[in-house]
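For reference, run.tsv is printed below; it contains TSV, C-alpha atoms.
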```tsv
chain	number	residue	atom	x	y	z
A	1	MET	CA	-26.40	-12.10	-11.91
A	2	ILE	CA	-23.42	-9.90	-12.74
A	3	ASN	CA	-22.71	-6.65	-10.92
A	4	LEU	CA	-21.78	-4.43	-13.87
A	5	LYS	CA	-19.37	-2.46	-11.69
A	6	ASP	CA	-17.34	-5.64	-11.17
A	7	LEU	CA	-16.49	-5.67	-14.88
A	8	GLU	CA	-13.53	-3.89	-16.40
A	9	TYR	CA	-14.34	-1.79	-19.45
A	10	GLY	CA	-13.22	-4.47	-21.91
A	11	GLU	CA	-15.31	-7.07	-20.10
A	12	LEU	CA	-18.34	-4.79	-20.36
A	13	GLU	CA	-17.75	-4.51	-24.11
A	14	GLU	CA	-17.57	-8.29	-24.38
A	15	LEU	CA	-20.82	-8.69	-22.46
A	16	LEU	CA	-22.61	-6.29	-24.79
A	17	LEU	CA	-21.22	-8.00	-27.89
A	18	SER	CA	-22.46	-11.35	-26.55
A	19	MET	CA	-25.93	-9.77	-26.31
A	20	GLY	CA	-25.81	-8.64	-29.93
A	21	GLU	CA	-25.17	-5.00	-29.06
A	22	LYS	CA	-22.57	-2.55	-30.38
A	23	LYS	CA	-19.36	-1.95	-28.42
A	24	PHE	CA	-19.94	1.81	-28.16
A	25	ARG	CA	-22.80	1.14	-25.74
A	26	ALA	CA	-20.14	0.24	-23.15
A	27	ALA	CA	-19.03	3.88	-22.92
A	28	GLN	CA	-22.59	5.04	-22.23
A	29	ILE	CA	-23.22	2.41	-19.58
A	30	PHE	CA	-19.80	2.82	-17.95
A	31	LYS	CA	-20.45	6.55	-17.58
A	32	TRP	CA	-23.79	5.95	-15.87
A	33	LEU	CA	-22.25	3.47	-13.45
A	34	GLN	CA	-19.77	6.11	-12.24
A	35	LEU	CA	-22.59	8.58	-11.57
A	36	GLY	CA	-24.20	6.40	-8.92
A	37	VAL	CA	-27.35	5.25	-10.71
A	38	THR	CA	-29.10	2.47	-8.81
A	39	GLY	CA	-31.05	0.93	-11.68
A	40	PHE	CA	-31.13	0.63	-15.45
A	41	ASP	CA	-34.16	2.90	-15.85
A	42	GLU	CA	-31.96	5.84	-14.81
A	43	MET	CA	-29.78	5.30	-17.91
A	44	THR	CA	-31.87	7.61	-20.07
A	45	ASP	CA	-29.82	7.36	-23.28
A	46	ILE	CA	-30.00	3.55	-23.32
A	47	SER	CA	-32.89	1.97	-25.22
A	48	LYS	CA	-35.59	0.21	-23.23
A	49	PRO	CA	-34.95	-3.16	-24.97
A	50	LEU	CA	-31.26	-3.02	-23.97
A	51	ARG	CA	-32.14	-2.03	-20.42
A	52	GLU	CA	-34.47	-5.00	-20.23
A	53	LYS	CA	-31.79	-7.36	-21.56
A	54	LEU	CA	-29.28	-6.04	-19.06
A	55	GLY	CA	-31.77	-6.51	-16.24
A	56	LYS	CA	-32.05	-10.22	-17.02
A	57	VAL	CA	-28.34	-10.93	-16.61
A	58	SER	CA	-26.95	-8.15	-14.42
A	59	PHE	CA	-27.59	-5.55	-11.74
A	60	VAL	CA	-26.18	-2.23	-10.54
A	61	SER	CA	-24.76	-2.31	-7.02
A	62	SER	CA	-25.31	0.46	-4.49
A	63	LEU	CA	-24.49	1.47	-0.93
A	64	ALA	CA	-26.78	2.98	1.71
A	65	ILE	CA	-25.48	5.51	4.22
A	66	GLU	CA	-26.13	3.89	7.60
A	67	GLU	CA	-24.33	6.58	9.61
A	68	LYS	CA	-22.48	9.77	8.71
A	69	TYR	CA	-20.33	12.01	10.88
A	70	VAL	CA	-18.78	15.36	9.94
A	71	SER	CA	-15.92	16.78	11.99
A	72	ALA	CA	-16.55	20.26	13.33
A	73	VAL	CA	-12.79	20.66	13.58
A	74	ASP	CA	-11.54	19.97	10.05
A	75	GLY	CA	-14.49	18.84	7.91
A	76	THR	CA	-13.48	15.18	7.80
A	77	VAL	CA	-16.47	13.00	6.86
A	78	LYS	CA	-16.84	9.44	8.12
A	79	TYR	CA	-19.32	7.06	6.51
A	80	LEU	CA	-20.70	3.75	7.70
A	81	PHE	CA	-22.06	2.25	4.50
A	82	ARG	CA	-24.48	-0.68	4.51
A	83	LEU	CA	-24.23	-3.22	1.70
A	84	PRO	CA	-27.31	-4.97	0.25
A	85	ASP	CA	-26.37	-8.16	2.17
A	86	GLY	CA	-26.62	-6.24	5.47
A	87	ASN	CA	-22.89	-5.97	6.15
A	88	CYS	CA	-21.28	-2.62	6.88
A	89	ILE	CA	-18.02	-1.01	5.79
A	90	GLU	CA	-16.38	2.30	6.61
A	91	SER	CA	-14.96	5.07	4.44
A	92	VAL	CA	-13.45	8.39	5.47
A	93	VAL	CA	-13.13	11.56	3.36
A	94	MET	CA	-10.36	13.94	4.43
A	95	ARG	CA	-9.98	17.45	3.11
A	96	TYR	CA	-6.59	18.92	2.26
A	97	HIS	CA	-5.53	22.08	0.43
A	98	HIS	CA	-4.80	19.97	-2.67
A	99	GLY	CA	-8.24	18.31	-2.71
A	100	SER	CA	-10.28	15.60	-1.01
A	101	THR	CA	-8.86	12.16	-0.21
A	102	ILE	CA	-11.02	9.13	0.51
A	103	CYS	CA	-9.80	6.24	2.62
A	104	ILE	CA	-11.71	3.13	1.52
A	105	SER	CA	-12.15	-0.46	2.68
A	106	SER	CA	-11.25	-3.55	0.67
A	107	GLN	CA	-12.82	-6.24	2.87
A	108	ILE	CA	-15.59	-6.75	5.43
A	109	GLY	CA	-13.46	-7.34	8.48
A	110	CYS	CA	-9.86	-8.51	8.33
A	111	ARG	CA	-7.97	-11.69	9.15
A	112	MET	CA	-4.52	-10.14	9.61
A	113	GLY	CA	-4.95	-9.82	13.39
A	114	CYS	CA	-2.89	-6.67	14.03
A	115	ARG	CA	-3.22	-6.09	17.76
A	116	PHE	CA	-3.65	-2.30	17.62
A	117	CYS	CA	-6.36	-2.31	14.93
A	118	ALA	CA	-10.14	-2.38	15.52
A	119	SER	CA	-10.84	-3.58	11.96
A	120	THR	CA	-9.54	-7.07	12.66
A	121	ILE	CA	-11.64	-7.73	15.77
A	122	GLY	CA	-14.13	-10.41	14.76
A	123	GLY	CA	-11.96	-11.58	11.85
A	124	LEU	CA	-12.77	-11.58	8.14
A	125	TYR	CA	-16.34	-11.97	6.92
A	126	ARG	CA	-15.63	-11.68	3.19
A	127	SER	CA	-13.75	-9.64	0.61
A	128	LEU	CA	-15.40	-6.81	-1.29
A	129	THR	CA	-15.87	-7.10	-5.03
A	130	ALA	CA	-14.28	-4.57	-7.38
A	131	GLY	CA	-17.64	-2.83	-7.73
A	132	GLU	CA	-18.20	-2.65	-3.98
A	133	ILE	CA	-14.80	-1.02	-3.54
A	134	LEU	CA	-15.63	1.46	-6.32
A	135	ASP	CA	-19.04	2.22	-4.81
A	136	GLN	CA	-17.41	3.86	-1.79
A	137	VAL	CA	-15.92	6.52	-4.04
A	138	ILE	CA	-19.08	6.89	-6.11
A	139	PHE	CA	-21.54	7.29	-3.24
A	140	ALA	CA	-19.27	9.50	-1.12
A	141	GLU	CA	-18.93	11.86	-4.10
A	142	LYS	CA	-22.66	11.70	-4.75
A	143	ASP	CA	-23.51	12.50	-1.14
A	144	MET	CA	-21.02	15.36	-0.81
A	145	GLY	CA	-21.60	16.79	-4.28
A	146	GLU	CA	-17.88	17.17	-4.92
A	147	ARG	CA	-15.10	15.35	-6.73
A	148	ILE	CA	-12.65	13.18	-4.84
A	149	SER	CA	-9.13	13.55	-6.21
A	150	ASN	CA	-7.10	11.07	-4.16
A	151	ILE	CA	-7.70	7.52	-2.93
A	152	VAL	CA	-6.12	5.58	-0.10
A	153	LEU	CA	-6.75	1.84	0.21
A	154	MET	CA	-6.18	1.89	3.95
A	155	GLY	CA	-9.60	1.26	5.47
A	156	ILE	CA	-11.02	-2.03	6.75
A	157	GLY	CA	-9.26	-5.10	5.33
A	158	GLU	CA	-5.94	-6.00	3.73
A	159	PRO	CA	-5.91	-4.99	0.02
A	160	LEU	CA	-3.36	-7.62	-1.02
A	161	ASP	CA	-5.52	-10.31	0.61
A	162	ASN	CA	-8.12	-9.30	-2.00
A	163	TYR	CA	-5.63	-8.87	-4.82
A	164	ASP	CA	-7.70	-9.62	-7.94
A	165	ASN	CA	-10.65	-7.41	-6.97
A	166	VAL	CA	-8.34	-4.56	-5.95
A	167	ILE	CA	-6.51	-4.70	-9.30
A	168	LYS	CA	-9.82	-4.56	-11.19
A	169	PHE	CA	-10.87	-1.61	-9.05
A	170	LEU	CA	-7.61	0.20	-9.84
A	171	HIS	CA	-8.11	-0.32	-13.56
A	172	ASN	CA	-11.70	0.95	-13.41
A	173	ILE	CA	-11.08	4.00	-11.21
A	174	ASN	CA	-8.23	5.02	-13.54
A	175	ASN	CA	-10.20	4.50	-16.77
A	176	GLU	CA	-10.55	7.77	-18.69
A	177	LYS	CA	-14.19	6.91	-19.45
A	178	GLY	CA	-14.93	6.70	-15.73
A	179	LYS	CA	-13.58	8.58	-12.70
A	180	ASN	CA	-10.20	8.94	-14.43
A	181	ILE	CA	-8.26	9.24	-11.16
A	182	GLY	CA	-4.55	9.01	-11.91
A	183	TYR	CA	-2.58	6.12	-10.43
A	184	ARG	CA	-0.17	8.59	-8.83
A	185	HIS	CA	-3.10	9.86	-6.78
A	186	ILE	CA	-3.75	6.40	-5.34
A	187	THR	CA	-2.06	4.80	-2.32
A	188	LEU	CA	-2.30	1.14	-1.35
A	189	SER	CA	-1.40	0.12	2.20
A	190	THR	CA	-0.44	-3.45	3.10
A	191	CYS	CA	0.61	-5.04	6.36
A	192	GLY	CA	3.24	-6.98	4.43
A	193	ILE	CA	1.82	-9.74	2.22
A	194	VAL	CA	5.14	-10.49	0.54
A	195	PRO	CA	3.88	-12.48	-2.49
A	196	GLY	CA	1.32	-9.75	-3.16
A	197	ILE	CA	4.04	-7.09	-3.16
A	198	TYR	CA	5.95	-9.03	-5.82
A	199	ARG	CA	2.78	-9.51	-7.90
A	200	LEU	CA	1.99	-5.81	-7.64
A	201	ALA	CA	5.54	-4.91	-8.66
A	202	GLU	CA	5.22	-7.02	-11.80
A	203	LYS	CA	2.03	-5.15	-12.71
A	204	ASN	CA	4.07	-1.93	-12.56
A	205	ILE	CA	1.04	0.22	-11.82
A	206	PRO	CA	2.45	3.60	-10.69
A	207	ILE	CA	0.52	3.85	-7.42
A	208	THR	CA	2.17	4.62	-4.08
A	209	LEU	CA	2.83	1.52	-1.97
A	210	THR	CA	2.74	1.98	1.80
A	211	ILE	CA	3.90	-0.71	4.20
A	212	SER	CA	2.35	-0.96	7.65
A	213	LEU	CA	5.59	-1.80	9.43
A	214	HIS	CA	4.96	-0.67	13.02
A	215	ALA	CA	8.08	-2.34	14.43
A	216	PRO	CA	11.84	-2.19	13.83
A	217	ASN	CA	12.52	-5.91	14.30
A	218	ASP	CA	10.90	-9.33	14.13
A	219	GLY	CA	10.73	-9.68	17.91
A	220	ILE	CA	8.41	-6.71	18.40
A	221	ARG	CA	6.57	-7.14	15.12
A	222	ARG	CA	5.54	-10.71	15.91
A	223	THR	CA	3.88	-9.59	19.14
A	224	ILE	CA	1.65	-7.03	17.43
A	225	MET	CA	1.36	-8.25	13.79
A	226	PRO	CA	0.75	-11.98	13.23
A	227	VAL	CA	1.55	-11.61	9.51
A	228	SER	CA	5.21	-11.38	10.53
A	229	LEU	CA	5.08	-14.98	11.73
A	230	ARG	CA	4.72	-15.91	8.06
A	231	TYR	CA	6.91	-13.28	6.43
A	232	SER	CA	10.03	-12.13	8.26
A	233	MET	CA	11.30	-8.58	8.28
A	234	ASP	CA	14.14	-9.57	5.94
A	235	GLU	CA	11.68	-11.06	3.44
A	236	LEU	CA	9.46	-7.99	3.62
A	237	ILE	CA	12.31	-5.52	3.13
A	238	LYS	CA	13.66	-7.53	0.17
A	239	ALA	CA	10.20	-7.41	-1.42
A	240	CYS	CA	10.06	-3.64	-0.84
A	241	ALA	CA	13.48	-3.19	-2.46
A	242	PHE	CA	12.31	-5.23	-5.45
A	243	TYR	CA	9.15	-3.13	-5.74
A	244	ALA	CA	11.05	0.15	-5.58
A	245	ASP	CA	13.57	-1.03	-8.18
A	246	ARG	CA	10.96	-2.43	-10.57
A	247	THR	CA	8.51	0.47	-10.41
A	248	LYS	CA	10.94	3.35	-9.70
A	249	ARG	CA	8.47	4.46	-7.03
A	250	ARG	CA	9.44	5.40	-3.51
A	251	ILE	CA	8.07	3.16	-0.75
A	252	SER	CA	6.47	4.65	2.34
A	253	PHE	CA	6.35	3.01	5.76
A	254	GLU	CA	3.63	3.52	8.35
A	255	TYR	CA	4.74	3.26	11.95
A	256	ALA	CA	2.15	3.42	14.73
A	257	LEU	CA	3.92	4.67	17.83
A	258	ILE	CA	2.86	2.62	20.86
A	259	ARG	CA	4.13	3.81	24.21
A	260	GLY	CA	6.52	1.32	25.77
A	261	VAL	CA	6.30	-1.10	22.85
A	262	ASN	CA	8.09	0.35	19.83
A	263	ASP	CA	8.88	3.99	20.65
A	264	SER	CA	12.31	3.91	22.32
A	265	MET	CA	15.35	5.68	20.90
A	266	GLU	CA	16.88	2.25	20.22
A	267	ASN	CA	13.78	1.39	18.20
A	268	ALA	CA	14.23	4.61	16.22
A	269	ASP	CA	17.85	3.69	15.47
A	270	GLU	CA	16.83	0.21	14.28
A	271	LEU	CA	14.08	1.65	12.12
A	272	ALA	CA	16.45	4.17	10.54
A	273	SER	CA	18.91	1.43	9.60
A	274	ILE	CA	16.14	-0.48	7.83
A	275	VAL	CA	14.47	2.30	5.83
A	276	ARG	CA	17.43	4.54	5.01
A	277	PRO	CA	18.89	2.23	2.29
A	278	LEU	CA	15.49	2.27	0.56
A	279	HIS	CA	15.33	6.09	0.62
A	280	ALA	CA	11.83	5.54	2.00
A	281	HIS	CA	9.51	7.92	3.78
A	282	VAL	CA	8.28	7.09	7.30
A	283	ASN	CA	4.84	8.23	8.38
A	284	LEU	CA	4.64	8.18	12.18
A	285	ILE	CA	1.15	7.58	13.55
A	286	PRO	CA	0.25	8.19	17.20
A	287	VAL	CA	-1.62	4.94	17.89
A	288	ASN	CA	-5.41	5.16	18.01
A	289	LYS	CA	-7.17	4.03	21.17
A	290	VAL	CA	-9.04	0.73	20.78
A	291	GLU	CA	-11.33	-0.17	23.69
A	292	GLU	CA	-10.36	-3.85	23.67
A	293	ARG	CA	-6.62	-3.13	23.70
A	294	ASP	CA	-4.38	-1.49	26.28
A	295	TYR	CA	-2.05	0.23	23.82
A	296	ARG	CA	-1.56	3.94	24.36
A	297	LYS	CA	0.17	6.71	22.45
A	298	GLY	CA	3.04	8.66	23.92
A	299	SER	CA	3.14	12.32	24.78
A	300	ARG	CA	3.77	14.93	22.12
A	301	SER	CA	7.31	15.39	23.38
A	302	GLU	CA	7.96	11.62	23.15
A	303	ILE	CA	6.60	11.52	19.60
A	304	ASP	CA	8.70	14.54	18.62
A	305	ALA	CA	11.80	12.94	20.13
A	306	PHE	CA	11.28	9.78	18.05
A	307	LEU	CA	10.79	11.91	14.94
A	308	HIS	CA	13.93	13.92	15.62
A	309	ARG	CA	15.95	10.73	16.15
A	310	LEU	CA	14.89	9.46	12.72
A	311	THR	CA	15.51	12.70	10.86
A	312	SER	CA	18.90	13.15	12.55
A	313	ARG	CA	19.85	9.80	11.04
A	314	GLY	CA	18.94	10.84	7.53
A	315	VAL	CA	15.40	9.46	7.36
A	316	ASN	CA	12.61	11.41	5.68
A	317	ALA	CA	9.90	11.21	8.35
A	318	THR	CA	6.75	13.07	9.35
A	319	VAL	CA	4.00	12.70	11.95
A	320	ARG	CA	0.61	12.06	10.44
A	321	ARG	CA	-1.83	14.89	10.95
A	322	GLU	CA	-4.72	13.63	13.09
A	323	LEU	CA	-7.90	14.41	11.17
A	324	GLY	CA	-11.44	13.83	12.39
A	325	ALA	CA	-10.36	13.44	16.01
A	326	ASP	CA	-13.80	14.51	17.25
A	327	ILE	CA	-15.59	11.81	15.20
A	328	ALA	CA	-13.23	8.85	15.82
A	329	ALA	CA	-12.27	8.81	12.15
A	330	SER	CA	-9.98	5.77	12.38
A	331	CYS	CA	-11.53	2.70	10.73
A	332	GLY	CA	-13.15	-0.29	12.39
A	333	GLN	CA	-14.98	1.16	15.36
A	334	LEU	CA	-18.31	1.96	13.67
A	335	ARG	CA	-18.57	-1.39	11.90
A	336	LYS	CA	-17.67	-3.23	15.09
A	337	ARG	CA	-20.42	-1.44	16.99
A	338	ALA	CA	-23.02	-1.85	14.22
A	339	ALA	CA	-22.32	-5.58	13.94
A	340	GLY	CA	-22.16	-6.11	17.71
A	341	ILE	CA	-18.68	-7.59	17.44
A	342	LYS	CA	-16.68	-8.17	20.59
A	343	ASP	CA	-13.04	-9.13	20.98
A	344	GLY	CA	-12.49	-12.86	20.67
A	345	GLU	CA	-15.46	-13.45	18.36
```
For the structure just supplied, provide its representation as C-alpha cells.
Amino acid sequence: MINLKDLEYGELEELLLSMGEKKFRAAQIFKWLQLGVTGFDEMTDISKPLREKLGKVSFVSSLAIEEKYVSAVDGTVKYLFRLPDGNCIESVVMRYHHGSTICISSQIGCRMGCRFCASTIGGLYRSLTAGEILDQVIFAEKDMGERISNIVLMGIGEPLDNYDNVIKFLHNINNEKGKNIGYRHITLSTCGIVPGIYRLAEKNIPITLTISLHAPNDGIRRTIMPVSLRYSMDELIKACAFYADRTKRRISFEYALIRGVNDSMENADELASIVRPLHAHVNLIPVNKVEERDYRKGSRSEIDAFLHRLTSRGVNATVRRELGADIAASCGQLRKRAAGIKDGE
C-alpha cells in the first residue's frame, strides 16, 4: 500500500493515470492531503468510485498527539507525535515576530552518536518517509489552527542520512499546490555527512544549510561527534566551500558551547580562522542538559566572552535565543522517556 503523501506531485499524477483517471484529479487530492484528512471519505469533491480505487492501493498517513506542552514563557509548543507503528517523534513550534517556525524530525532515533544529544541515545530505529516528515507540519498546523511559515530540519535524526526522503519532502512542501513554503524559509541541519553536502549542492535547492560543527578542530570533534572519525574537518570545510560556491547561499555553523570542552578563547580563535574565509554565520548554543551526560553550559559571562572573541575577529556570530526553557523544548528527551530508552541500549 502506498502512502499518498510519500509521492511527489508528478508521481501522484502518474498513479492516477495508471488507474484510468484524469491528471487534474491530482491537484484535488494533493490539496486534501495538505489539510490533514485521515481518510479518503473526507475528500468530498472526489467521486466515490475513485475513492474506492484509491483505497485499494493506497492510504493516507496521520500522526496522533501523544503529548503536548506549551511554554508559559514564550508560547513555544512541543509535540510528541505517535506514528501508526507505535514509534514516537518530536516536533517543536517556535513563535517569532516574523511568524511561526517548526523544528521537525527526519528519523526515529539517530545513529550519529553525538555525545551531547539525547536524540541519539538508543541509536537509529528507522528513517521517516517523506510523508511522515510532512505530517509533522500538517498536524501541528491543524492542531494550532495557524499557518507555519518556516521549517527547520533540526529535530530527531540526521537529514542527510535520510537523503532521498528529505528531498521528496522538500519538493512537496514547496509545491505551490500544497503548503507552498518557499525554500528560503527552510533550513536543513547536518552533523557533517560530506557526500550528502555535495549531493545537496548539486541539487541547488536554495534552502539554508546549517552545519553542526561544535568543535574547532578534529581532536575535540572526534571526542564528541563520531561522524568526524569518518569525515575530517578539512573534508567538511571543503564540502561547505563547494556548497556555498555552487548555491551562492551562505553557510551557517552551529556551535554548542560545552564548559571546559570547546569554550576556551583559544577554541574561539581556531573557530574564527575556520569560518571567516567562508563568510559564514556562527550560531552559539548553550549546551542543553542531558541526564546521561555530564556536559554543562558555561555562565552567561563565559558565553558572552566567547561571542565577543569571535566578533572581534570578524565573525558574524550570535547566541541562540533559548525558547521553551520551561518545557524542555530541545529534542530527544520526550521520545527517550516514552520509549523507555536508556543510555547504552
**OP:** Do a neighbour search on Asn174 (chain A) at 12 Å with all atoms listed in the file, toss out local chain neighbours closer than 6 positions, and write the hits as number ranges by chain.
**Re:** A: 8-9, 34, 134, 149-151, 167-168, 180-186, 205-207
**OP:** For Gly145 (chain A), list every protein, DNA or RNA residue within 12 Å, evaluated using only C-alpha atoms, and leave out those in the same chain fewer than 5 positions away; present the list as a list in words.
**Re:**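 Non-adjacent residues within range: Leu35, Gly36, Ser100, Val137, Ile138, Phe139 and Ala140 of chain A.
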**OP:** Please measure the separation of CA of Ser71 (chain A) and CA of Leu307 (chain A), giving the value in Å to one decimal.
**Re:**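 Between CA of Ser71 (chain A) and CA of Leu307 (chain A) the gap works out to 27.3 Å.
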**OP:** One decimal, Å: what's the distance from CA of Arg250 (chain A) over to CA of Thr318 (chain A), could you say?
**Re:**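 Between CA of Arg250 (chain A) and CA of Thr318 (chain A) the gap is 15.2 Å.
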Original post:
A:Ile197, A:Leu80, A:Leu213, A:Ile156: which is nearest Arg126 (chain A), counting only C-alpha atoms?
Top reply: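 Going through A:Ile197, A:Leu80, A:Leu213, A:Ile156 one by one, the smallest distance to Arg126 (chain A) is for A:Ile156.
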Original post:
Any idea what's packed within 9 Å of Ile133 (chain A), counting all atoms listed in the file, ignoring anything in its chain fewer than 5 positions away? Could you give it as a ChimeraX atom specification?
Top reply: /A:104-107,128,165-166,169
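Nearest residue to Lys238 (chain A), choosing from A:Gly298, A:Pro277, A:Gly178, A:Pro216 and counting only C-alpha atoms: A:Pro277.
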**OP:** Kindly give the distance, in Å, that separates CA of Phe253 (chain A) and CA of Asn283 (chain A), rounded to a single decimal.
**Re:** 6.0 Å
As JSON, please: the centre and edge lengths in Å, to one decimal, of an axis-aligned box enclosing every listed atom of region 97-100 of chain A with 5 Å added on each side.
```
{"center_x": -7.5, "center_y": 18.8, "center_z": -1.1, "size_x": 15.5, "size_y": 16.5, "size_z": 13.1}
```
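Remark: for Gly10 (chain A), the closest of the candidate residues A:Tyr125, A:Ser62, A:Leu83, A:Phe24 is A:Phe24 (distances computed over only C-alpha atoms).
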Subject >> Nearest residue to Asn3 (chain A) from the set A:Glu158, A:Asp74, A:Asp245, A:Glu132 (distances using all atoms listed in the file) >> reply: A:Glu132
Please return region 34-55 of chain A, rebuilt to N, CA and C atoms, as a compact mmCIF listing (two decimals), in the coordinates of the input.
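out.txt, written as the output of this step:
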```txt
# COMPACT_ATOMS: atom_id res chain seq x y z
N GLN A 34 -20.61 5.22 -13.07
CA GLN A 34 -19.77 6.11 -12.24
C GLN A 34 -20.57 7.22 -11.58
N LEU A 35 -21.76 7.49 -12.09
CA LEU A 35 -22.59 8.58 -11.57
C LEU A 35 -23.45 8.16 -10.39
N GLY A 36 -23.46 6.87 -10.08
CA GLY A 36 -24.20 6.40 -8.92
C GLY A 36 -25.65 6.08 -9.19
N VAL A 37 -25.98 5.71 -10.44
CA VAL A 37 -27.35 5.25 -10.71
C VAL A 37 -27.56 3.94 -9.96
N THR A 38 -28.80 3.68 -9.56
CA THR A 38 -29.10 2.47 -8.81
C THR A 38 -29.94 1.47 -9.60
N GLY A 39 -30.26 1.83 -10.84
CA GLY A 39 -31.05 0.93 -11.68
C GLY A 39 -30.92 1.31 -13.14
N PHE A 40 -31.29 0.40 -14.01
CA PHE A 40 -31.13 0.63 -15.45
C PHE A 40 -32.07 1.70 -15.99
N ASP A 41 -33.22 1.89 -15.36
CA ASP A 41 -34.16 2.90 -15.85
C ASP A 41 -33.61 4.31 -15.75
N GLU A 42 -32.58 4.52 -14.93
CA GLU A 42 -31.96 5.84 -14.81
C GLU A 42 -31.01 6.13 -15.97
N MET A 43 -30.68 5.12 -16.77
CA MET A 43 -29.78 5.30 -17.91
C MET A 43 -30.61 5.77 -19.10
N THR A 44 -30.86 7.06 -19.16
CA THR A 44 -31.87 7.61 -20.07
C THR A 44 -31.50 7.58 -21.54
N ASP A 45 -30.18 7.43 -21.86
CA ASP A 45 -29.82 7.36 -23.28
C ASP A 45 -29.61 5.93 -23.75
N ILE A 46 -30.05 4.97 -22.95
CA ILE A 46 -30.00 3.55 -23.32
C ILE A 46 -31.41 3.11 -23.67
N SER A 47 -31.56 2.39 -24.77
CA SER A 47 -32.89 1.97 -25.22
C SER A 47 -33.54 1.04 -24.21
N LYS A 48 -34.86 1.06 -24.17
CA LYS A 48 -35.59 0.21 -23.23
C LYS A 48 -35.31 -1.27 -23.48
N PRO A 49 -35.26 -1.74 -24.74
CA PRO A 49 -34.95 -3.16 -24.97
C PRO A 49 -33.59 -3.57 -24.39
N LEU A 50 -32.58 -2.69 -24.52
CA LEU A 50 -31.26 -3.02 -23.97
C LEU A 50 -31.31 -3.02 -22.45
N ARG A 51 -32.02 -2.07 -21.88
CA ARG A 51 -32.14 -2.03 -20.42
C ARG A 51 -32.80 -3.30 -19.90
N GLU A 52 -33.78 -3.77 -20.63
CA GLU A 52 -34.47 -5.00 -20.23
C GLU A 52 -33.54 -6.21 -20.35
N LYS A 53 -32.74 -6.26 -21.41
CA LYS A 53 -31.79 -7.36 -21.56
C LYS A 53 -30.75 -7.35 -20.46
N LEU A 54 -30.27 -6.16 -20.13
CA LEU A 54 -29.28 -6.04 -19.06
C LEU A 54 -29.87 -6.49 -17.72
N GLY A 55 -31.13 -6.15 -17.50
CA GLY A 55 -31.77 -6.51 -16.24
C GLY A 55 -31.95 -8.00 -16.04
```
